[in-house]
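Asker: Right, I'll just put the structure down here and ask away after.
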Amino acid sequence: MITKPKGTYDLIGIDAKLYNYIENAIYNFMTNYNYEYIRTPIFEASELFHRSVGEDTDIVTKETYDFKDRGDRNITLRPEGTAGVVRSLIENKLYGNRNDTLKYYYLGTMYRYERPQAGRFRELTQFGVEVFNSDDPMIDAEVISLGFNFLKDLSLENVTVHINSLGDKESRENFTKALKNYLKPHLNELCPDCQKRYDTNPLRILDCKADKDNEILKNVPNILEYLTEESKNRFNKLKEYLTLLDIDYEIDAKLVRGLDYYDYNVWEYITDDDGVTVGGGGRYNHLVENLGGPQMPAIGFGLGIDRIIIELKKKLEDKVPVNNIDVYIMCVSEEEKIQAVKIAQELRLNNVISEVNSNNLSLKSQFKIADNLGAKFLIILNGEDLKKGLINIKDNATKEEIRIDEAELVDWVIGNI
RNA sequence: GCGGAGUUGGUGAAGUGGUUAACACGGUAGAUUGUGGCUCUAUUAUGCGUGGGUUCGACUCCCACACUUCGCCCCA
């Protein structure tokens, strides 16, 4: 048997239903916020990700799907959404009118060569937004609240936004220096991984799992105290706006995001009950420029649809929603089938959700199927009535059965569902 | 890339080196001369992740691989 590649999954059953539900919610929601839909390729030149994410990080050296195409080009399956959108912005000169704030959203699959775990796949789906050309904390608040409100709209109620500021370059350098000075005398008390991180990625030590309870980490310098005036102002403004907008947020000075390109305000959406991060984002005011575009501020987030589906399922428990249909059409003989197909099409074209037996089943089985589909009405075709131009229709709730004229069927159904 | 646990019908699962792989749900057919949801009866895995090996004999033991899951690294 051929099996699916590691870390992928088939979207079927309840998961597929939830995905459809989320997808529709996204389109509706984004229309109200007046964000434009953008779709960029699933694969891009490898260089794009190397330059955006950082040349030396593990992410790019061993956690992307890279290959050479037949034209000997270096190609990478996109591991995230931001780089492609920024590339498109630059290539298509979408920033033509420099007064506009440009707002985009995307939904699509991403590919990461990682070891699968709970809620971590090699093919994953992300919904994200990117906003260009506004540097005002007001827009930070809009973007953060957009994600938060969207999750609420999906009825994922218990989510808190964890916010932090990484400041500008100067703030980060100052903080990193202070952090390293603080940790240096205690280095041998940290876990082996953290001892390595001390040189490679000191900020990551802040959210180390092994040293979580370590006293040393509890008293670590606070990045927020090392922010420059400007960075601090941005962060304070953001908090004011979030309070104004009634967003549940929490300041988390130990929140660091993995990418080099973030500046200033960063955040994650974290569920309250089990602490799952369903998404996160940050401001990245230098990425557009670094990828060859104009100097242009930007901010965005990504939400993991796969994780959201998992969280929604936890909430649903056994209350699996059933899509009830309006009409189930039962038929046995050849002449009944001919009629059934015709009626089914007619009803469907009139927005009546209809299903028709197509398996030569006994009436008993057809009744069962109709019940499982939650049909409101059953059309039970029979040869004798058909000859008289009558259709036998049964209300599945009251069990009442009436015969109505063929010509009046559609109107009758529309009037009664 | 590293480590732990797992993989038995459509589903939930029990099970043993030896002939017929339990039980339940679900499905199908019948009792019901075309009108179900209750009940009863029959039937429903030529196969126990895949490929090798040991054995007279393997679903059961051994090896490899795949996939799942939990954790590490990493987390865009």
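A note on labels: chains of the structure tokens are A, B, ... as shown, every chain counts residues from 1, and ligands are counted from 1 in their shown order.
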Per DSSP on the backbone, filter stretch 148-301 of chain A down to the residues in alpha helix (DSSP H) and report them as a ChimeraX atom specification.
Answerer: /A:148-153,169-183,192-200,215-218,229-244,287-290
Asker: B:U54: which residues within 12 Å, counting only C-alpha atoms (C1' of nucleotides), same-chain residues fewer than 6 positions away excluded, as a ChimeraX atom specification?
Answerer: /B:17,61-63
Asker: Compute the set of chain B residues within 9 Å of chain A, using only C-alpha atoms (C1' of nucleotides), and express it as number ranges by chain.
Answerer: B: 34-37, 50, 66-67, 69-70, 73-76
Asker: Skipping near chain neighbours, those fewer than 5 positions away, what residues fall within 12 Å of B:A14 using only C-alpha atoms (C1' of nucleotides), listed as number ranges by chain?
Answerer: B: 8, 21-24
Asker: Keeping only N, CA, C and O atoms (P, O5', C5', C4', C3', O3' and C1' of nucleotides), write the selected residues as a compact mmCIF listing (two decimals), in the first residue's frame.
Answerer:
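Everything below was put into out.txt:
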```
# COMPACT_ATOMS: atom_id res chain seq x y z
P U B 8 -4.06 -0.98 14.23
O5' U B 8 -4.28 -2.54 14.02
C5' U B 8 -3.96 -3.13 12.77
C4' U B 8 -4.46 -4.54 12.75
C3' U B 8 -5.98 -4.68 12.70
O3' U B 8 -6.42 -4.67 11.36
C1' U B 8 -5.13 -6.09 14.39
P A B 21 -9.63 -17.67 11.70
O5' A B 21 -10.25 -16.93 12.97
C5' A B 21 -9.83 -17.29 14.27
C4' A B 21 -9.71 -16.05 15.11
C3' A B 21 -10.82 -15.02 14.87
O3' A B 21 -11.96 -15.37 15.63
C1' A B 21 -8.70 -13.93 14.91
P A B 22 -13.32 -14.50 15.45
O5' A B 22 -13.70 -13.95 16.91
C5' A B 22 -14.16 -14.87 17.85
C4' A B 22 -14.15 -14.32 19.24
C3' A B 22 -15.26 -13.36 19.61
O3' A B 22 -16.52 -13.99 19.72
C1' A B 22 -13.25 -12.70 20.64
P C B 23 -17.79 -13.32 19.03
O5' C B 23 -18.04 -12.02 19.90
C5' C B 23 -18.28 -12.12 21.30
C4' C B 23 -18.15 -10.76 21.94
C3' C B 23 -18.91 -9.65 21.24
O3' C B 23 -20.30 -9.65 21.56
C1' C B 23 -16.74 -8.89 21.71
P A B 24 -21.35 -9.14 20.48
O5' A B 24 -21.15 -7.57 20.50
C5' A B 24 -21.43 -6.84 21.69
C4' A B 24 -20.97 -5.41 21.54
C3' A B 24 -21.53 -4.66 20.33
O3' A B 24 -22.85 -4.19 20.54
C1' A B 24 -19.22 -4.28 20.48
```
Asker: From a DSSP calculation on the backbone, collect every residue of stretch 6-135 of chain A in strand (DSSP E) and output the set as a VMD selection string.
Answerer: chain A and resid 36 to 37 43 to 45 66 to 68 74 to 77 102 to 111 123 to 132
Asker: Can you spit out the residues from that selection as a compact mmCIF listing (two decimals), in the first residue's frame, using N, CA and C atoms?
Answerer:
```
# COMPACT_ATOMS: atom_id res chain seq x y z
N GLU A 36 -6.93 42.91 1.04
CA GLU A 36 -6.99 42.28 -0.28
C GLU A 36 -6.40 40.88 -0.23
N TYR A 37 -7.02 39.97 -0.98
CA TYR A 37 -6.51 38.61 -1.08
C TYR A 37 -5.29 38.59 -1.99
N PHE A 43 6.16 27.51 -4.59
CA PHE A 43 7.63 27.42 -4.60
C PHE A 43 8.21 28.72 -5.14
N GLU A 44 9.38 29.02 -4.64
CA GLU A 44 10.06 30.27 -4.98
C GLU A 44 11.55 29.96 -5.11
N ALA A 45 12.29 30.91 -5.65
CA ALA A 45 13.75 30.78 -5.69
C ALA A 45 14.26 30.62 -4.26
N ASP A 66 14.14 21.78 -0.39
CA ASP A 66 14.90 22.38 -1.48
C ASP A 66 15.09 21.36 -2.59
N PHE A 67 15.05 21.84 -3.80
CA PHE A 67 15.39 20.95 -4.93
C PHE A 67 15.80 21.78 -6.13
N LYS A 68 16.43 21.10 -7.04
CA LYS A 68 16.77 21.75 -8.30
C LYS A 68 15.75 21.33 -9.34
N ASN A 74 17.63 26.66 -8.32
CA ASN A 74 17.44 26.28 -6.92
C ASN A 74 16.07 26.75 -6.45
N ILE A 75 15.24 25.79 -6.10
CA ILE A 75 13.86 26.06 -5.76
C ILE A 75 13.62 25.61 -4.32
N THR A 76 12.76 26.33 -3.61
CA THR A 76 12.38 25.93 -2.25
C THR A 76 10.86 26.03 -2.12
N LEU A 77 10.26 25.01 -1.55
CA LEU A 77 8.84 25.10 -1.21
C LEU A 77 8.72 26.09 -0.06
N LEU A 102 -1.00 49.40 2.50
CA LEU A 102 -1.33 48.21 1.70
C LEU A 102 -1.62 47.05 2.61
N LYS A 103 -2.78 46.46 2.44
CA LYS A 103 -3.18 45.38 3.35
C LYS A 103 -3.53 44.13 2.57
N TYR A 104 -2.86 43.05 2.89
CA TYR A 104 -3.09 41.79 2.17
C TYR A 104 -3.32 40.66 3.14
N TYR A 105 -4.05 39.65 2.66
CA TYR A 105 -4.13 38.41 3.43
C TYR A 105 -3.97 37.24 2.49
N TYR A 106 -3.50 36.15 3.04
CA TYR A 106 -3.29 34.95 2.23
C TYR A 106 -3.71 33.73 3.02
N LEU A 107 -3.94 32.66 2.30
CA LEU A 107 -4.27 31.37 2.92
C LEU A 107 -3.64 30.31 2.04
N GLY A 108 -2.83 29.46 2.63
CA GLY A 108 -2.23 28.44 1.77
C GLY A 108 -1.34 27.49 2.53
N THR A 109 -0.81 26.52 1.81
CA THR A 109 0.03 25.50 2.45
C THR A 109 1.48 25.96 2.48
N MET A 110 2.16 25.56 3.52
CA MET A 110 3.58 25.83 3.70
C MET A 110 4.27 24.49 3.93
N TYR A 111 5.57 24.47 3.72
CA TYR A 111 6.31 23.19 3.78
C TYR A 111 7.56 23.35 4.62
N GLU A 123 3.55 19.49 5.86
CA GLU A 123 2.70 20.36 5.03
C GLU A 123 1.69 20.97 5.98
N LEU A 124 1.68 22.29 6.07
CA LEU A 124 0.77 22.93 7.00
C LEU A 124 0.06 24.06 6.27
N THR A 125 -1.03 24.51 6.84
CA THR A 125 -1.80 25.56 6.21
C THR A 125 -1.79 26.79 7.10
N GLN A 126 -1.50 27.91 6.50
CA GLN A 126 -1.47 29.14 7.28
C GLN A 126 -2.36 30.20 6.66
N PHE A 127 -2.97 30.93 7.53
CA PHE A 127 -3.69 32.14 7.16
C PHE A 127 -2.86 33.29 7.71
N GLY A 128 -2.57 34.27 6.88
CA GLY A 128 -1.75 35.36 7.38
C GLY A 128 -2.14 36.69 6.79
N VAL A 129 -1.73 37.74 7.44
CA VAL A 129 -1.94 39.07 6.88
C VAL A 129 -0.61 39.83 6.92
N GLU A 130 -0.44 40.71 5.96
CA GLU A 130 0.75 41.56 5.90
C GLU A 130 0.26 42.96 5.57
N VAL A 131 0.76 43.93 6.34
CA VAL A 131 0.38 45.33 6.08
C VAL A 131 1.65 46.13 5.85
N PHE A 132 1.67 46.86 4.74
CA PHE A 132 2.85 47.63 4.38
C PHE A 132 2.57 49.12 4.40
```
Asker: Could you give me, as a VMD selection string, the residues within 10 Å of stretch 26-31 of chain B, counting only C-alpha atoms (C1' of nucleotides) and dropping anything in the same chain fewer than 5 positions from it?
Answerer: (chain A and resid 361 to 362 365) or (chain B and resid 10 to 11 40 to 44)
Asker: Would you mind exporting the chosen residues as an mmCIF file, in the first residue's frame, restricted to N, CA and C atoms (P, O5', C5', C4', C3', O3' and C1' of nucleotides)?
Answerer:
```cif
data_model
loop_
_atom_site.group_PDB
_atom_site.id
_atom_site.type_symbol
_atom_site.label_atom_id
_atom_site.label_comp_id
_atom_site.auth_asym_id
_atom_site.auth_seq_id
_atom_site.Cartn_x
_atom_site.Cartn_y
_atom_site.Cartn_z
ATOM 1 N N LEU A 361 -30.610 0.360 -3.256
ATOM 2 C CA LEU A 361 -30.817 -0.154 -1.912
ATOM 3 C C LEU A 361 -32.295 -0.434 -1.666
ATOM 4 N N SER A 362 -32.534 -1.245 -0.662
ATOM 5 C CA SER A 362 -33.907 -1.478 -0.240
ATOM 6 C C SER A 362 -34.458 -0.184 0.361
ATOM 7 N N SER A 365 -33.153 0.566 3.803
ATOM 8 C CA SER A 365 -31.840 1.193 3.871
ATOM 9 C C SER A 365 -31.910 2.656 3.496
ATOM 10 P P G B 10 -11.480 -2.192 6.218
ATOM 11 O "O5'" G B 10 -12.647 -1.175 6.552
ATOM 12 C "C5'" G B 10 -12.666 0.100 5.916
ATOM 13 C "C4'" G B 10 -13.607 0.981 6.673
ATOM 14 C "C3'" G B 10 -13.321 1.058 8.168
ATOM 15 O "O3'" G B 10 -12.287 1.980 8.449
ATOM 16 C "C1'" G B 10 -15.622 0.689 7.828
ATOM 17 P P U B 11 -11.346 1.758 9.730
ATOM 18 O "O5'" U B 11 -12.304 2.116 10.943
ATOM 19 C "C5'" U B 11 -12.712 3.453 11.184
ATOM 20 C "C4'" U B 11 -13.534 3.514 12.452
ATOM 21 C "C3'" U B 11 -12.853 2.986 13.699
ATOM 22 O "O3'" U B 11 -11.998 3.952 14.286
ATOM 23 C "C1'" U B 11 -15.029 2.087 13.566
ATOM 24 P P C B 40 -32.690 -8.167 20.226
ATOM 25 O "O5'" C B 40 -33.055 -9.399 19.273
ATOM 26 C "C5'" C B 40 -33.886 -10.448 19.764
ATOM 27 C "C4'" C B 40 -34.357 -11.293 18.612
ATOM 28 C "C3'" C B 40 -33.266 -11.817 17.698
ATOM 29 O "O3'" C B 40 -32.636 -12.963 18.239
ATOM 30 C "C1'" C B 40 -35.034 -10.966 16.392
ATOM 31 P P U B 41 -31.121 -13.259 17.892
ATOM 32 O "O5'" U B 41 -31.226 -13.790 16.398
ATOM 33 C "C5'" U B 41 -31.887 -15.024 16.119
ATOM 34 C "C4'" U B 41 -31.902 -15.265 14.634
ATOM 35 C "C3'" U B 41 -30.551 -15.166 13.947
ATOM 36 O "O3'" U B 41 -29.796 -16.352 14.107
ATOM 37 C "C1'" U B 41 -32.163 -13.992 12.686
ATOM 38 P P A B 42 -28.203 -16.258 14.111
ATOM 39 O "O5'" A B 42 -27.883 -16.051 12.569
ATOM 40 C "C5'" A B 42 -28.147 -17.100 11.639
ATOM 41 C "C4'" A B 42 -28.003 -16.562 10.240
ATOM 42 C "C3'" A B 42 -26.631 -16.002 9.901
ATOM 43 O "O3'" A B 42 -25.725 -17.020 9.553
ATOM 44 C "C1'" A B 42 -28.303 -14.511 9.165
ATOM 45 P P U B 43 -24.173 -16.829 9.856
ATOM 46 O "O5'" U B 43 -23.782 -15.659 8.862
ATOM 47 C "C5'" U B 43 -23.744 -15.880 7.454
ATOM 48 C "C4'" U B 43 -23.533 -14.572 6.744
ATOM 49 C "C3'" U B 43 -22.275 -13.822 7.153
ATOM 50 O "O3'" U B 43 -21.123 -14.306 6.490
ATOM 51 C "C1'" U B 43 -24.097 -12.326 7.138
ATOM 52 P P U B 44 -19.728 -14.264 7.269
ATOM 53 O "O5'" U B 44 -19.319 -12.732 7.130
ATOM 54 C "C5'" U B 44 -19.184 -12.132 5.840
ATOM 55 C "C4'" U B 44 -19.037 -10.645 6.003
ATOM 56 C "C3'" U B 44 -17.909 -10.237 6.937
ATOM 57 O "O3'" U B 44 -16.685 -10.190 6.212
ATOM 58 C "C1'" U B 44 -19.868 -8.989 7.410
#
```
Asker: Would you pick out the contacts of B:G18 at 12 Å or less, using only C-alpha atoms (C1' of nucleotides), so that residues sharing its chain but fewer than 3 positions from it are not included, and give the list as a VMD selection string?
Answerer: chain B and resid 55 to 58 60
Asker: Which residues are near stretch 262-270 of chain A? Cut-off 9 Å, only C-alpha atoms (C1' of nucleotides), ignore same chain within fewer than 5 positions. Put them as a PDB file with C-alpha atoms, in the first residue's frame.
Answerer:
```pdb
ATOM      1  CA  PRO A 137       1.335  51.610  16.412  1.00  0.00           C
ATOM      2  CA  ASP A 140       0.043  47.259  15.026  1.00  0.00           C
ATOM      3  CA  ILE A 144      -3.077  42.187  16.404  1.00  0.00           C
ATOM      4  CA  GLY A 147      -6.161  38.057  14.505  1.00  0.00           C
ATOM      5  CA  PHE A 148      -7.622  38.033  17.985  1.00  0.00           C
ATOM      6  CA  ASN A 158     -10.017  31.464  25.337  1.00  0.00           C
ATOM      7  CA  VAL A 159      -7.062  33.003  23.620  1.00  0.00           C
ATOM      8  CA  THR A 160      -4.704  35.589  25.024  1.00  0.00           C
ATOM      9  CA  VAL A 161      -2.348  37.700  22.994  1.00  0.00           C
ATOM     10  CA  HIS A 162       1.131  37.591  24.454  1.00  0.00           C
ATOM     11  CA  ILE A 163       2.986  40.717  23.464  1.00  0.00           C
ATOM     12  CA  ASN A 164       6.553  41.843  23.756  1.00  0.00           C
ATOM     13  CA  SER A 165       8.911  44.256  22.101  1.00  0.00           C
ATOM     14  CA  LEU A 166      12.252  43.288  20.674  1.00  0.00           C
ATOM     15  CA  GLY A 167      12.973  46.949  20.089  1.00  0.00           C
ATOM     16  CA  ASP A 168      15.201  48.225  17.367  1.00  0.00           C
ATOM     17  CA  LYS A 169      18.685  47.007  16.603  1.00  0.00           C
ATOM     18  CA  SER A 231      10.878  51.498  20.972  1.00  0.00           C
ATOM     19  CA  LYS A 232       9.394  52.000  24.389  1.00  0.00           C
ATOM     20  CA  ARG A 234       5.798  52.256  20.336  1.00  0.00           C
ATOM     21  CA  PHE A 235       5.178  49.526  22.855  1.00  0.00           C
ATOM     22  CA  LEU A 238       0.331  49.652  21.359  1.00  0.00           C
ATOM     23  CA  ASP A 252       5.551  38.510  28.145  1.00  0.00           C
ATOM     24  CA  LEU A 255       8.585  36.067  24.226  1.00  0.00           C
ATOM     25  CA  VAL A 256      11.140  35.911  21.439  1.00  0.00           C
ATOM     26  CA  ARG A 257      10.326  34.988  17.906  1.00  0.00           C
ATOM     27  CA  GLY A 275      -0.976  26.981  26.144  1.00  0.00           C
ATOM     28  CA  VAL A 276      -0.890  26.124  22.472  1.00  0.00           C
ATOM     29  CA  THR A 277       0.443  28.834  20.191  1.00  0.00           C
ATOM     30  CA  VAL A 278      -1.934  29.063  17.268  1.00  0.00           C
ATOM     31  CA  GLY A 279      -0.102  31.891  15.579  1.00  0.00           C
ATOM     32  CA  GLY A 280       2.095  34.905  15.936  1.00  0.00           C
ATOM     33  CA  GLY A 281       3.623  37.820  14.206  1.00  0.00           C
ATOM     34  CA  GLY A 282       5.586  40.995  14.456  1.00  0.00           C
ATOM     35  CA  ARG A 283       6.731  44.146  12.818  1.00  0.00           C
ATOM     36  CA  TYR A 284       9.473  43.860  10.216  1.00  0.00           C
ATOM     37  CA  ASN A 285      10.462  47.309   9.070  1.00  0.00           C
ATOM     38  CA  HIS A 286      13.612  46.309   7.211  1.00  0.00           C
ATOM     39  CA  LEU A 287      12.660  43.216   5.278  1.00  0.00           C
ATOM     40  CA  ILE A 299       3.853  44.148   9.974  1.00  0.00           C
ATOM     41  CA  PHE A 301       1.101  37.569  11.433  1.00  0.00           C
ATOM     42  CA  LEU A 303      -2.105  31.646  12.047  1.00  0.00           C
TER      43      LEU A 303
END
```
Asker: Could you state the separation of atom C1' of B:A64 and atom CA of A:Phe121 in Å, given to one decimal place?
Answerer: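 For atom C1' of B:A64 relative to atom CA of A:Phe121, the distance reads 25.4 Å.
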Asker: Please indicate the distance in Å from atom CA of A:Cys208 to atom CA of A:Leu179, rounded to one decimal place.
Answerer: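 Separation between atom CA of A:Cys208 and atom CA of A:Leu179: 14.3 Å.
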Asker: In Å, with one decimal, what is the gap from atom CA of A:Ile393 to atom CA of A:Leu373?
Answerer: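 Separating atom CA of A:Ile393 from atom CA of A:Leu373 is a distance of 16.6 Å.
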Asker: Rank B:U39, B:C65, B:G3, B:C59 by their smallest atom-to-atom distance to B:G15, using only C-alpha atoms (C1' of nucleotides), and report the top residue only.
Answerer: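 Looking at the shortest contact to B:G15, the residue is B:C59.
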Asker: Env of stretch 348-356 of chain A: 6 Å cut, atoms = only C-alpha atoms (C1' of nucleotides), seq-sep filter 4 positions within chain, self excluded. Answer as a short mmCIF file (atom, residue, chain, number, x, y, z; two decimals) with N, CA, C and O atoms, in the first residue's frame.
Answerer:
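result32.cif, written as the output of this step:
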```cif
data_model
loop_
_atom_site.label_atom_id
_atom_site.label_comp_id
_atom_site.auth_asym_id
_atom_site.auth_seq_id
_atom_site.Cartn_x
_atom_site.Cartn_y
_atom_site.Cartn_z
N ILE A 325 -29.61 17.83 5.49
CA ILE A 325 -30.05 18.13 4.14
C ILE A 325 -31.55 18.42 4.17
O ILE A 325 -32.24 18.11 5.14
N ASP A 326 -32.05 19.01 3.11
CA ASP A 326 -33.46 19.36 3.06
C ASP A 326 -34.30 18.16 2.60
O ASP A 326 -35.33 17.86 3.20
N VAL A 327 -33.86 17.53 1.54
CA VAL A 327 -34.70 16.50 0.91
C VAL A 327 -33.87 15.28 0.55
O VAL A 327 -32.76 15.41 0.01
N TYR A 328 -34.40 14.11 0.87
CA TYR A 328 -33.79 12.88 0.38
C TYR A 328 -34.79 12.19 -0.54
O TYR A 328 -35.97 12.04 -0.18
N ILE A 329 -34.33 11.83 -1.72
CA ILE A 329 -35.23 11.26 -2.71
C ILE A 329 -35.01 9.75 -2.81
O ILE A 329 -33.90 9.30 -3.07
#
```
